[in-house]
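**Q** Contents of run35.pdb (PDB, C-alpha atoms and all ligand atoms) are below:
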ATOM      1  CA  MET A 337    -164.804-205.520-192.925
ATOM      2  CA  ASP A 338    -165.470-207.352-196.161
ATOM      3  CA  ILE A 339    -169.202-207.738-196.743
ATOM      4  CA  SER A 340    -169.996-210.145-199.558
ATOM      5  CA  PRO A 341    -171.953-208.480-202.347
ATOM      6  CA  ILE A 342    -175.616-209.290-202.867
ATOM      7  CA  ILE A 343    -175.168-208.692-206.609
ATOM      8  CA  ASP A 344    -171.955-209.754-208.322
ATOM      9  CA  ALA A 345    -171.874-209.270-212.101
ATOM     10  CA  GLU A 346    -168.910-210.237-214.210
ATOM     11  CA  ASN A 347    -168.541-209.231-217.842
ATOM     12  CA  LEU A 348    -172.313-209.170-218.343
ATOM     13  CA  THR A 349    -172.861-208.858-222.060
ATOM     14  CA  ARG A 350    -176.036-208.785-224.122
ATOM     15  CA  ILE A 351    -175.784-208.599-227.879
ATOM     16  CA  TYR A 352    -179.062-208.320-229.758
ATOM     17  CA  ARG A 353    -178.865-209.924-233.192
ATOM     18  CA  LEU A 354    -180.926-207.979-235.716
ATOM     19  CA  GLY A 355    -180.572-209.727-239.060
ATOM     20  CA  ALA A 356    -176.975-209.270-240.117
ATOM     21  CA  ALA A 357    -176.344-206.491-237.593
ATOM     22  CA  ASP A 358    -175.377-206.900-233.937
ATOM     23  CA  VAL A 359    -176.512-204.330-231.407
ATOM     24  CA  ALA A 360    -174.669-204.284-228.090
ATOM     25  CA  GLY A 361    -177.357-203.730-225.451
ATOM     26  CA  LEU A 362    -174.695-204.291-222.820
ATOM     27  CA  GLY A 363    -171.049-204.435-223.778
ATOM     28  CA  GLY A 364    -169.569-206.368-220.848
ATOM     29  CA  VAL A 365    -170.069-204.831-217.410
ATOM     30  CA  THR A 366    -168.502-205.920-214.149
ATOM     31  CA  PHE A 367    -169.686-204.575-210.801
ATOM     32  CA  ARG A 368    -170.634-205.567-207.275
ATOM     33  CA  ILE A 369    -173.431-204.203-205.155
ATOM     34  CA  ALA A 370    -173.369-204.436-201.373
ATOM     35  CA  PRO A 371    -176.469-205.559-199.489
ATOM     36  CA  GLY A 372    -178.534-202.569-198.411
ATOM     37  CA  ALA A 373    -177.366-200.302-201.233
ATOM     38  CA  PHE A 374    -179.745-198.049-203.157
ATOM     39  CA  VAL A 375    -178.277-197.839-206.651
ATOM     40  CA  VAL A 376    -179.534-195.483-209.333
ATOM     41  CA  LEU A 377    -178.750-196.403-212.934
ATOM     42  CA  LYS A 378    -178.334-193.335-215.092
ATOM     43  CA  GLY A 379    -177.557-192.880-218.765
ATOM     44  CA  ASN A 380    -179.086-191.651-221.983
ATOM     45  CA  SER A 381    -181.837-193.464-223.800
ATOM     46  CA  GLY A 382    -180.363-196.636-225.319
ATOM     47  CA  SER A 383    -177.429-196.800-222.874
ATOM     48  CA  GLY A 384    -178.409-200.241-221.554
ATOM     49  CA  LYS A 385    -180.301-199.616-218.302
ATOM     50  CA  SER A 386    -183.337-201.759-219.132
ATOM     51  CA  THR A 387    -181.127-204.448-220.644
ATOM     52  CA  LEU A 388    -179.158-204.638-217.398
ATOM     53  CA  LEU A 389    -182.283-204.718-215.221
ATOM     54  CA  ALA A 390    -183.817-207.479-217.373
ATOM     55  CA  LEU A 391    -180.680-209.575-216.824
ATOM     56  CA  LEU A 392    -180.642-208.863-213.075
ATOM     57  CA  GLY A 393    -184.305-209.892-212.944
ATOM     58  CA  GLY A 394    -183.669-213.169-214.743
ATOM     59  CA  LEU A 395    -186.072-212.036-217.487
ATOM     60  CA  ASP A 396    -183.411-212.230-220.198
ATOM     61  CA  ARG A 397    -180.204-214.196-220.669
ATOM     62  CA  PRO A 398    -176.784-212.697-221.344
ATOM     63  CA  THR A 399    -174.738-213.446-224.445
ATOM     64  CA  GLN A 400    -171.773-213.768-222.099
ATOM     65  CA  GLY A 401    -170.914-213.258-218.479
ATOM     66  CA  ARG A 402    -171.822-214.367-214.995
ATOM     67  CA  LEU A 403    -174.274-213.097-212.419
ATOM     68  CA  ARG A 404    -174.630-214.050-208.781
ATOM     69  CA  VAL A 405    -177.517-212.593-206.792
ATOM     70  CA  ALA A 406    -178.101-213.484-203.144
ATOM     71  CA  GLY A 407    -176.075-216.663-203.583
ATOM     72  CA  PHE A 408    -177.808-217.758-206.807
ATOM     73  CA  ASP A 409    -175.684-218.283-209.900
ATOM     74  CA  VAL A 410    -178.569-216.909-211.955
ATOM     75  CA  PHE A 411    -177.761-218.135-215.444
ATOM     76  CA  SER A 412    -176.785-221.642-214.457
ATOM     77  CA  LEU A 413    -180.192-222.216-212.833
ATOM     78  CA  ASN A 414    -182.526-224.625-214.560
ATOM     79  CA  GLU A 415    -185.883-223.245-215.743
ATOM     80  CA  LYS A 416    -187.697-224.275-212.564
ATOM     81  CA  ASP A 417    -185.145-222.638-210.254
ATOM     82  CA  LEU A 418    -185.029-219.540-212.467
ATOM     83  CA  VAL A 419    -188.785-219.156-211.996
ATOM     84  CA  ARG A 420    -188.231-219.515-208.253
ATOM     85  CA  TYR A 421    -185.468-216.884-208.436
ATOM     86  CA  ARG A 422    -187.781-214.444-210.227
ATOM     87  CA  ARG A 423    -190.534-214.984-207.698
ATOM     88  CA  ARG A 424    -188.562-214.930-204.470
ATOM     89  CA  VAL A 425    -185.237-213.165-204.866
ATOM     90  CA  VAL A 426    -186.145-210.136-206.978
ATOM     91  CA  GLY A 427    -189.202-207.909-206.943
ATOM     92  CA  ILE A 428    -189.603-205.984-210.169
ATOM     93  CA  VAL A 429    -191.376-202.665-210.742
ATOM     94  CA  PHE A 430    -191.857-201.378-214.298
ATOM     95  CA  GLN A 431    -192.619-197.975-215.762
ATOM     96  CA  SER A 432    -195.895-199.244-217.214
ATOM     97  CA  PHE A 433    -197.001-201.055-213.999
ATOM     98  CA  ASN A 434    -197.740-204.377-215.835
ATOM     99  CA  LEU A 435    -200.736-205.254-213.661
ATOM    100  CA  LEU A 436    -203.093-207.969-214.878
ATOM    101  CA  PRO A 437    -206.144-206.041-216.104
ATOM    102  CA  THR A 438    -208.803-208.595-215.143
ATOM    103  CA  LEU A 439    -207.607-209.071-211.557
ATOM    104  CA  THR A 440    -208.380-206.666-208.710
ATOM    105  CA  VAL A 441    -205.686-204.799-206.800
ATOM    106  CA  LEU A 442    -205.749-207.362-203.992
ATOM    107  CA  GLU A 443    -205.664-210.288-206.441
ATOM    108  CA  ASN A 444    -202.771-208.785-208.408
ATOM    109  CA  VAL A 445    -200.782-208.427-205.195
ATOM    110  CA  CYS A 446    -201.559-211.946-203.938
ATOM    111  CA  LEU A 447    -200.828-213.687-207.239
ATOM    112  CA  PRO A 448    -197.003-214.031-207.038
ATOM    113  CA  ALA A 449    -197.270-215.530-203.553
ATOM    114  CA  LEU A 450    -199.968-217.985-204.603
ATOM    115  CA  LEU A 451    -197.889-218.962-207.654
ATOM    116  CA  ALA A 452    -194.932-219.492-205.320
ATOM    117  CA  GLY A 453    -197.060-221.944-203.351
ATOM    118  CA  PHE A 454    -197.862-219.892-200.259
ATOM    119  CA  PRO A 455    -201.322-220.492-198.751
ATOM    120  CA  LEU A 456    -204.109-218.003-199.408
ATOM    121  CA  LYS A 457    -204.991-216.799-195.908
ATOM    122  CA  PRO A 458    -201.573-215.556-194.716
ATOM    123  CA  THR A 459    -200.893-214.239-198.245
ATOM    124  CA  ARG A 460    -204.104-212.213-198.177
ATOM    125  CA  GLU A 461    -203.260-210.840-194.731
ATOM    126  CA  LYS A 462    -199.784-209.864-195.828
ATOM    127  CA  ALA A 463    -201.127-208.237-199.013
ATOM    128  CA  LEU A 464    -203.622-206.243-196.946
ATOM    129  CA  ARG A 465    -200.842-205.031-194.629
ATOM    130  CA  TRP A 466    -198.643-203.866-197.525
ATOM    131  CA  LEU A 467    -201.560-202.275-199.367
ATOM    132  CA  GLU A 468    -202.579-200.416-196.233
ATOM    133  CA  TRP A 469    -198.970-199.290-195.706
ATOM    134  CA  LEU A 470    -199.057-197.970-199.286
ATOM    135  CA  GLY A 471    -202.343-196.119-198.717
ATOM    136  CA  MET A 472    -204.325-198.457-200.973
ATOM    137  CA  GLN A 473    -206.847-199.778-198.416
ATOM    138  CA  ASP A 474    -209.779-198.092-200.201
ATOM    139  CA  ARG A 475    -208.878-199.521-203.618
ATOM    140  CA  LEU A 476    -208.565-203.243-202.827
ATOM    141  CA  HIS A 477    -211.340-204.411-205.125
ATOM    142  CA  HIS A 478    -210.703-202.002-207.989
ATOM    143  CA  LEU A 479    -209.447-203.202-211.348
ATOM    144  CA  PRO A 480    -206.194-201.686-212.687
ATOM    145  CA  GLY A 481    -208.172-199.715-215.292
ATOM    146  CA  GLU A 482    -209.955-197.916-212.452
ATOM    147  CA  LEU A 483    -206.756-196.686-210.786
ATOM    148  CA  SER A 484    -204.697-193.517-211.131
ATOM    149  CA  GLY A 485    -201.076-193.956-212.243
ATOM    150  CA  GLY A 486    -199.809-193.447-208.700
ATOM    151  CA  GLU A 487    -202.247-196.027-207.338
ATOM    152  CA  ALA A 488    -201.314-198.504-210.072
ATOM    153  CA  GLN A 489    -197.619-198.092-209.271
ATOM    154  CA  ARG A 490    -198.205-198.530-205.531
ATOM    155  CA  THR A 491    -200.140-201.730-206.350
ATOM    156  CA  ALA A 492    -197.197-202.898-208.453
ATOM    157  CA  ILE A 493    -194.843-202.159-205.539
ATOM    158  CA  ALA A 494    -197.028-204.210-203.165
ATOM    159  CA  ARG A 495    -196.959-207.034-205.723
ATOM    160  CA  ALA A 496    -193.156-206.813-205.928
ATOM    161  CA  LEU A 497    -192.949-207.030-202.119
ATOM    162  CA  ILE A 498    -195.364-209.860-201.452
ATOM    163  CA  ASN A 499    -192.695-212.593-201.477
ATOM    164  CA  GLU A 500    -190.305-210.404-199.443
ATOM    165  CA  PRO A 501    -187.475-210.379-201.966
ATOM    166  CA  PRO A 502    -184.109-209.070-200.766
ATOM    167  CA  VAL A 503    -183.668-207.135-204.041
ATOM    168  CA  ILE A 504    -186.056-204.639-205.663
ATOM    169  CA  LEU A 505    -185.454-203.768-209.330
ATOM    170  CA  ALA A 506    -187.239-200.740-210.744
ATOM    171  CA  ASP A 507    -187.128-199.610-214.369
ATOM    172  CA  GLU A 508    -188.171-195.955-214.636
ATOM    173  CA  PRO A 509    -190.851-196.471-211.969
ATOM    174  CA  THR A 510    -191.674-192.755-211.942
ATOM    175  CA  GLY A 511    -191.671-192.389-215.741
ATOM    176  CA  ASN A 512    -195.471-192.400-216.110
ATOM    177  CA  LEU A 513    -196.220-190.416-212.952
ATOM    178  CA  ASP A 514    -196.569-186.733-212.133
ATOM    179  CA  THR A 515    -193.946-185.141-209.900
ATOM    180  CA  ARG A 516    -195.820-185.666-206.654
ATOM    181  CA  ASN A 517    -196.607-189.344-207.294
ATOM    182  CA  GLY A 518    -193.088-189.938-208.595
ATOM    183  CA  GLN A 519    -191.712-188.437-205.397
ATOM    184  CA  ARG A 520    -193.980-190.674-203.354
ATOM    185  CA  VAL A 521    -192.792-193.816-205.176
ATOM    186  CA  VAL A 522    -189.161-192.830-204.554
ATOM    187  CA  GLU A 523    -189.895-192.211-200.870
ATOM    188  CA  ILE A 524    -191.507-195.673-200.642
ATOM    189  CA  LEU A 525    -188.452-197.301-202.256
ATOM    190  CA  GLY A 526    -186.219-195.262-199.925
ATOM    191  CA  THR A 527    -188.136-196.501-196.869
ATOM    192  CA  LEU A 528    -187.988-200.110-198.075
ATOM    193  CA  ASN A 529    -184.240-199.675-198.443
ATOM    194  CA  ARG A 530    -183.587-197.880-195.156
ATOM    195  CA  ASP A 531    -186.076-199.517-192.813
ATOM    196  CA  TYR A 532    -186.591-202.948-194.379
ATOM    197  CA  GLY A 533    -183.053-203.522-195.658
ATOM    198  CA  CYS A 534    -184.051-204.109-199.306
ATOM    199  CA  THR A 535    -181.311-203.586-201.856
ATOM    200  CA  VAL A 536    -182.729-201.348-204.592
ATOM    201  CA  VAL A 537    -181.524-200.926-208.184
ATOM    202  CA  MET A 538    -183.503-198.274-210.021
ATOM    203  CA  ALA A 539    -183.082-196.948-213.548
ATOM    204  CA  THR A 540    -184.139-193.362-213.963
ATOM    205  CA  HIS A 541    -183.543-190.311-216.127
ATOM    206  CA  ALA A 542    -184.752-188.066-213.342
ATOM    207  CA  THR A 543    -182.836-186.666-210.391
ATOM    208  CA  VAL A 544    -185.727-187.566-208.121
ATOM    209  CA  ALA A 545    -183.933-190.514-206.457
ATOM    210  CA  ASP A 546    -180.598-188.785-205.923
ATOM    211  CA  ALA A 547    -181.529-187.847-202.358
ATOM    212  CA  VAL A 548    -182.114-191.465-201.275
ATOM    213  CA  ALA A 549    -179.524-193.276-203.421
ATOM    214  CA  THR A 550    -176.230-194.466-201.969
ATOM    215  CA  ARG A 551    -174.576-195.116-205.305
ATOM    216  CA  GLN A 552    -174.894-194.033-208.906
ATOM    217  CA  LEU A 553    -173.823-196.127-211.886
ATOM    218  CA  CYS A 554    -173.772-194.286-215.217
ATOM    219  CA  LEU A 555    -174.061-196.240-218.448
ATOM    220  CA  ARG A 556    -173.090-195.115-221.915
ATOM    221  CA  ASP A 557    -173.326-197.323-225.000
ATOM    222  CA  GLY A 558    -173.708-200.450-222.863
ATOM    223  CA  LEU A 559    -170.741-199.770-220.592
ATOM    224  CA  ILE A 560    -170.390-198.391-217.069
ATOM    225  CA  VAL A 561    -168.610-195.074-217.505
ATOM    226  CA  ASP A 562    -168.978-193.697-213.993
ATOM    227  CA  ASP A 563    -169.474-195.255-210.546
ATOM    228  CA  GLN A 564    -170.010-192.905-207.628
ATOM    229  CA  CYS A 565    -170.895-193.237-203.969
ATOM    230  CA  LEU A 566    -173.611-190.788-202.948
ATOM    231  CA  GLN A 567    -174.423-189.536-199.489
ATOM    232  CA  PRO A 568    -178.101-190.334-198.913
TER     233      PRO A 568
HETATM  234  N1  LIG A 601    -185.114-206.426-228.035
HETATM  235  C1  LIG A 601    -184.154-205.689-228.594
HETATM  236  N2  LIG A 601    -183.709-205.955-229.845
HETATM  237  C2  LIG A 601    -182.724-205.236-230.405
HETATM  238  N3  LIG A 601    -182.090-204.220-229.797
HETATM  239  C3  LIG A 601    -182.482-203.903-228.551
HETATM  240  C4  LIG A 601    -183.537-204.617-227.888
HETATM  241  N4  LIG A 601    -183.704-204.069-226.659
HETATM  242  C5  LIG A 601    -182.813-203.073-226.561
HETATM  243  N5  LIG A 601    -182.076-202.967-227.689
HETATM  244  C6  LIG A 601    -180.976-202.025-227.939
HETATM  245  O1  LIG A 601    -180.062-202.121-226.855
HETATM  246  C7  LIG A 601    -179.597-200.844-226.461
HETATM  247  C8  LIG A 601    -179.910-200.615-224.985
HETATM  248  O2  LIG A 601    -181.315-200.537-224.833
HETATM  249  P1  LIG A 601    -182.018-200.352-223.401
HETATM  250  O3  LIG A 601    -183.480-200.541-223.605
HETATM  251  O4  LIG A 601    -181.342-201.215-222.423
HETATM  252  O5  LIG A 601    -181.687-198.810-223.075
HETATM  253  P2  LIG A 601    -182.167-197.903-221.867
HETATM  254  O6  LIG A 601    -180.936-197.321-221.233
HETATM  255  O7  LIG A 601    -183.087-198.647-220.998
HETATM  256  O8  LIG A 601    -182.944-196.727-222.631
HETATM  257  P3  LIG A 601    -184.215-195.854-222.157
HETATM  258  O9  LIG A 601    -183.671-194.804-221.232
HETATM  259  O10 LIG A 601    -184.732-195.274-223.429
HETATM  260  O11 LIG A 601    -185.198-196.756-221.492
HETATM  261  C9  LIG A 601    -180.267-199.857-227.405
HETATM  262  O12 LIG A 601    -179.362-199.567-228.441
HETATM  263  C10 LIG A 601    -181.467-200.596-227.926
HETATM  264  O13 LIG A 601    -181.813-200.140-229.209
HETATM  265 MG    MG A 602    -185.099-198.396-220.520
END
Produce structure tokens that represent the structure in this file.

**A**
Amino acid sequence: MDISPIIDAENLTRIYRLGAADVAGLGGVTFRIAPGAFVVLKGNSGSGKSTLLALLGGLDRPTQGRLRVAGFDVFSLNEKDLVRYRRRVVGIVFQSFNLLPTLTVLENVCLPALLAGFPLKPTREKALRWLEWLGMQDRLHHLPGELSGGEAQRTAIARALINEPPVILADEPTGNLDTRNGQRVVEILGTLNRDYGCTVVMATHATVADAVATRQLCLRDGLIVDDQCLQP
């Protein structure tokens, strides 16, 4: 059976222009990801993992190439639809959490849904359900500066989930966490993949996600040099 890919990238290229020099962040990569996959992106520092995730998230534009995600031709969207894409199609989790420091946990989680135009009451209820699922029910009114790294990352995951995106992108989400909290974040992403059907693309240096991943893409110097199916 031919299942259409949820992510379809063709010759994705990102050249950074630094004065007279060109740096190839991504040298032209072509790949497809099936819905429901859990993909780990591996590769040395500077191999292009963050560059690729920024393109998949619609946070950056390619120098060349095409990208379709969940039926959206990402780089032909106008600015308004690109914002909509970022809010509804992809949920993004970063190494450094990127929470807004002056908003509480609950407010940080609700914000993307409110910006997307969803009404407050059901948004708040949904945020409370996700935060409880993530073990954050006793931290709802804390500010990010009052959280541990693990708590901050679980808040960021709830924020990424609030608009129920089909795709979760995670850039070194365990990079600032101790082993136990890193493991917990990977288990959460694994559950979202297995039980909620989210497609996950996660960049990591660690082997921590190997047990839950279904596929591993290895990058070197901005190119995919290895593509393996894994048995989760
Ligand atoms: N804004 C930028 N301007 C210029 N060059 C950049 C920029 N961002 C990334 N690069 C270059 O692009 C290449 C890929 O960088 P990228 O951040 O994607 O690597 P990475 O695989 O995520 O590395 P790490 O594991 O250290 O996070 C590197 O050579 C990097 O120096
Ligand atoms: Mg990176």

**Q** Please write out, as AutoDock Vina command-line options, where the centre of an axis-aligned box around all listed atoms of ligand LIG 601 (chain A) lies and how long its edges are, in Å to one decimal, after adding 5 Å on each side.

**A**
--center_x -182.3 --center_y -200.6 --center_z -225.7 --size_x 15.8 --size_y 21.6 --size_z 19.4

**Q** So the first atom is CA of Ile369 in chain A and the second is CA of Leu505 in chain A; what is the distance between them in Å, to one decimal place?

**A** 12.7 Å

**Q** To test your reading of the syntax: which residues would the PyMOL selection byres (((chain A and resi 541-557) around 8) and not hetatm) return for the file shown? Reply as a PDB file with C-alpha atoms, in the frame of the given file.

**A**
ATOM      1  CA  ALA A 360    -174.669-204.284-228.090  1.00  0.00           C
ATOM      2  CA  GLY A 361    -177.357-203.730-225.451  1.00  0.00           C
ATOM      3  CA  LEU A 362    -174.695-204.291-222.820  1.00  0.00           C
ATOM      4  CA  GLY A 363    -171.049-204.435-223.778  1.00  0.00           C
ATOM      5  CA  ALA A 373    -177.366-200.302-201.233  1.00  0.00           C
ATOM      6  CA  PHE A 374    -179.745-198.049-203.157  1.00  0.00           C
ATOM      7  CA  VAL A 375    -178.277-197.839-206.651  1.00  0.00           C
ATOM      8  CA  VAL A 376    -179.534-195.483-209.333  1.00  0.00           C
ATOM      9  CA  LEU A 377    -178.750-196.403-212.934  1.00  0.00           C
ATOM     10  CA  LYS A 378    -178.334-193.335-215.092  1.00  0.00           C
ATOM     11  CA  GLY A 379    -177.557-192.880-218.765  1.00  0.00           C
ATOM     12  CA  ASN A 380    -179.086-191.651-221.983  1.00  0.00           C
ATOM     13  CA  GLY A 382    -180.363-196.636-225.319  1.00  0.00           C
ATOM     14  CA  SER A 383    -177.429-196.800-222.874  1.00  0.00           C
ATOM     15  CA  GLY A 384    -178.409-200.241-221.554  1.00  0.00           C
ATOM     16  CA  LYS A 385    -180.301-199.616-218.302  1.00  0.00           C
ATOM     17  CA  GLU A 508    -188.171-195.955-214.636  1.00  0.00           C
ATOM     18  CA  GLY A 518    -193.088-189.938-208.595  1.00  0.00           C
ATOM     19  CA  GLN A 519    -191.712-188.437-205.397  1.00  0.00           C
ATOM     20  CA  VAL A 522    -189.161-192.830-204.554  1.00  0.00           C
ATOM     21  CA  GLU A 523    -189.895-192.211-200.870  1.00  0.00           C
ATOM     22  CA  GLY A 526    -186.219-195.262-199.925  1.00  0.00           C
ATOM     23  CA  ALA A 539    -183.082-196.948-213.548  1.00  0.00           C
ATOM     24  CA  THR A 540    -184.139-193.362-213.963  1.00  0.00           C
ATOM     25  CA  GLY A 558    -173.708-200.450-222.863  1.00  0.00           C
ATOM     26  CA  LEU A 559    -170.741-199.770-220.592  1.00  0.00           C
ATOM     27  CA  ILE A 560    -170.390-198.391-217.069  1.00  0.00           C
ATOM     28  CA  VAL A 561    -168.610-195.074-217.505  1.00  0.00           C
ATOM     29  CA  ASP A 562    -168.978-193.697-213.993  1.00  0.00           C
ATOM     30  CA  ASP A 563    -169.474-195.255-210.546  1.00  0.00           C
ATOM     31  CA  GLN A 564    -170.010-192.905-207.628  1.00  0.00           C
ATOM     32  CA  CYS A 565    -170.895-193.237-203.969  1.00  0.00           C
ATOM     33  CA  LEU A 566    -173.611-190.788-202.948  1.00  0.00           C
ATOM     34  CA  GLN A 567    -174.423-189.536-199.489  1.00  0.00           C
ATOM     35  CA  PRO A 568    -178.101-190.334-198.913  1.00  0.00           C
TER      36      PRO A 568
END

**Q** Given the file above and the PyMOL selection byres (((chain A and resi 442-453) around 9) and not hetatm), which residues are selected, and can you give them as a PyMOL selection string?

**A** chain A and resi 420+423-424+435-437+439-441+454-456+459-460+462-464+467+475-478+480+491-499

**Q** Could you write out that same residue set with C-alpha atoms as a compact mmCIF listing (two decimals), in the frame of the given file?

**A**
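So the final result, stored in out-v2.txt, reads:
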# COMPACT_ATOMS: atom_id res chain seq x y z
CA ARG A 420 -188.23 -219.52 -208.25
CA ARG A 423 -190.53 -214.98 -207.70
CA ARG A 424 -188.56 -214.93 -204.47
CA LEU A 435 -200.74 -205.25 -213.66
CA LEU A 436 -203.09 -207.97 -214.88
CA PRO A 437 -206.14 -206.04 -216.10
CA LEU A 439 -207.61 -209.07 -211.56
CA THR A 440 -208.38 -206.67 -208.71
CA VAL A 441 -205.69 -204.80 -206.80
CA PHE A 454 -197.86 -219.89 -200.26
CA PRO A 455 -201.32 -220.49 -198.75
CA LEU A 456 -204.11 -218.00 -199.41
CA THR A 459 -200.89 -214.24 -198.24
CA ARG A 460 -204.10 -212.21 -198.18
CA LYS A 462 -199.78 -209.86 -195.83
CA ALA A 463 -201.13 -208.24 -199.01
CA LEU A 464 -203.62 -206.24 -196.95
CA LEU A 467 -201.56 -202.28 -199.37
CA ARG A 475 -208.88 -199.52 -203.62
CA LEU A 476 -208.56 -203.24 -202.83
CA HIS A 477 -211.34 -204.41 -205.12
CA HIS A 478 -210.70 -202.00 -207.99
CA PRO A 480 -206.19 -201.69 -212.69
CA THR A 491 -200.14 -201.73 -206.35
CA ALA A 492 -197.20 -202.90 -208.45
CA ILE A 493 -194.84 -202.16 -205.54
CA ALA A 494 -197.03 -204.21 -203.16
CA ARG A 495 -196.96 -207.03 -205.72
CA ALA A 496 -193.16 -206.81 -205.93
CA LEU A 497 -192.95 -207.03 -202.12
CA ILE A 498 -195.36 -209.86 -201.45
CA ASN A 499 -192.70 -212.59 -201.48

**Q** Quick one: apply the PyMOL selection byres (((chain A and resi 350) around 9) and not hetatm) to the file and drop the selected residues here as a VMD selection string.

**A** chain A and resid 348 to 349 351 to 352 359 to 364 387 to 388 391 397 to 401 558

**Q** Write the residues of the preceding selection, restricted to C-alpha atoms, as a CSV table (one decimal), in the frame of the given file.

**A**
chain,number,residue,atom,x,y,z
A,348,LEU,CA,-172.3,-209.2,-218.3
A,349,THR,CA,-172.9,-208.9,-222.1
A,351,ILE,CA,-175.8,-208.6,-227.9
A,352,TYR,CA,-179.1,-208.3,-229.8
A,359,VAL,CA,-176.5,-204.3,-231.4
A,360,ALA,CA,-174.7,-204.3,-228.1
A,361,GLY,CA,-177.4,-203.7,-225.5
A,362,LEU,CA,-174.7,-204.3,-222.8
A,363,GLY,CA,-171.0,-204.4,-223.8
A,364,GLY,CA,-169.6,-206.4,-220.8
A,387,THR,CA,-181.1,-204.4,-220.6
A,388,LEU,CA,-179.2,-204.6,-217.4
A,391,LEU,CA,-180.7,-209.6,-216.8
A,397,ARG,CA,-180.2,-214.2,-220.7
A,398,PRO,CA,-176.8,-212.7,-221.3
A,399,THR,CA,-174.7,-213.4,-224.4
A,400,GLN,CA,-171.8,-213.8,-222.1
A,401,GLY,CA,-170.9,-213.3,-218.5
A,558,GLY,CA,-173.7,-200.4,-222.9

**Q** To one decimal in Å, tell me the separation between atom P1 of ligand LIG 601 (chain A) and CA of Gly355 in chain A.

**A**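 So the answer is 18.3 Å.
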
**Q** Just the number, please: distance in Å from CA of Ser484 in chain A to atom O7 of ligand LIG 601 (chain A), one decimal.

**A**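 We find that CA of Ser484 in chain A and atom O7 of ligand LIG 601 (chain A) lie 24.3 Å from each other.
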
**Q** Which one is closest to Ala390 in chain A: A:Arg422, A:Arg490, A:Arg516, A:Arg353? Count all atoms listed in the file.

**A**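 Closest to Ala390 in chain A, using all atoms listed in the file: A:Arg422.
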
**Q** Let me make sure I understand: among A:Asp507, A:Asp417, A:Glu468, A:Glu487, which one has the smallest atom-to-atom distance to ligand LIG 601 (chain A) if we use only C-alpha atoms and all ligand atoms?

**A**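 Distance minimum relative to ligand LIG 601 (chain A) lands on A:Asp507.
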
**Q** Save C-alpha atoms of range 443-480 of chain A from the block above as a PDB file, in the first residue's frame.

**A**
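Result file selection-v8.pdb:
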ATOM      1  CA  GLU A 443      -0.310  31.211  30.013  1.00  0.00           C
ATOM      2  CA  ASN A 444       2.683  30.034  27.976  1.00  0.00           C
ATOM      3  CA  VAL A 445       0.783  26.893  27.011  1.00  0.00           C
ATOM      4  CA  CYS A 446      -2.445  28.726  26.122  1.00  0.00           C
ATOM      5  CA  LEU A 447      -0.767  31.454  24.071  1.00  0.00           C
ATOM      6  CA  PRO A 448      -0.379  29.671  20.686  1.00  0.00           C
ATOM      7  CA  ALA A 449      -4.040  28.640  20.752  1.00  0.00           C
ATOM      8  CA  LEU A 450      -5.212  32.140  21.636  1.00  0.00           C
ATOM      9  CA  LEU A 451      -3.011  33.575  18.865  1.00  0.00           C
ATOM     10  CA  ALA A 452      -4.565  31.048  16.485  1.00  0.00           C
ATOM     11  CA  GLY A 453      -7.976  32.444  17.398  1.00  0.00           C
ATOM     12  CA  PHE A 454      -9.319  29.682  19.629  1.00  0.00           C
ATOM     13  CA  PRO A 455     -11.529  30.847  22.522  1.00  0.00           C
ATOM     14  CA  LEU A 456     -10.081  31.048  26.023  1.00  0.00           C
ATOM     15  CA  LYS A 457     -12.263  28.611  27.967  1.00  0.00           C
ATOM     16  CA  PRO A 458     -11.781  25.433  25.890  1.00  0.00           C
ATOM     17  CA  THR A 459      -8.114  26.402  25.373  1.00  0.00           C
ATOM     18  CA  ARG A 460      -7.589  26.665  29.125  1.00  0.00           C
ATOM     19  CA  GLU A 461      -9.290  23.308  29.680  1.00  0.00           C
ATOM     20  CA  LYS A 462      -7.174  21.651  27.031  1.00  0.00           C
ATOM     21  CA  ALA A 463      -3.987  23.210  28.446  1.00  0.00           C
ATOM     22  CA  LEU A 464      -4.897  21.935  31.913  1.00  0.00           C
ATOM     23  CA  ARG A 465      -5.437  18.410  30.551  1.00  0.00           C
ATOM     24  CA  TRP A 466      -2.056  18.348  28.778  1.00  0.00           C
ATOM     25  CA  LEU A 467      -0.245  19.891  31.738  1.00  0.00           C
ATOM     26  CA  GLU A 468      -1.778  17.332  34.064  1.00  0.00           C
ATOM     27  CA  TRP A 469      -0.811  14.535  31.654  1.00  0.00           C
ATOM     28  CA  LEU A 470       2.747  15.910  31.781  1.00  0.00           C
ATOM     29  CA  GLY A 471       2.762  16.016  35.594  1.00  0.00           C
ATOM     30  CA  MET A 472       2.740  19.820  35.725  1.00  0.00           C
ATOM     31  CA  GLN A 473      -0.533  20.344  37.638  1.00  0.00           C
ATOM     32  CA  ASP A 474       1.288  21.801  40.668  1.00  0.00           C
ATOM     33  CA  ARG A 475       3.275  24.320  38.609  1.00  0.00           C
ATOM     34  CA  LEU A 476       0.503  26.027  36.615  1.00  0.00           C
ATOM     35  CA  HIS A 477       1.055  29.510  37.996  1.00  0.00           C
ATOM     36  CA  HIS A 478       4.844  29.413  38.176  1.00  0.00           C
ATOM     37  CA  LEU A 479       6.993  31.579  35.941  1.00  0.00           C
ATOM     38  CA  PRO A 480       9.575  29.838  33.711  1.00  0.00           C
TER      39      PRO A 480
END
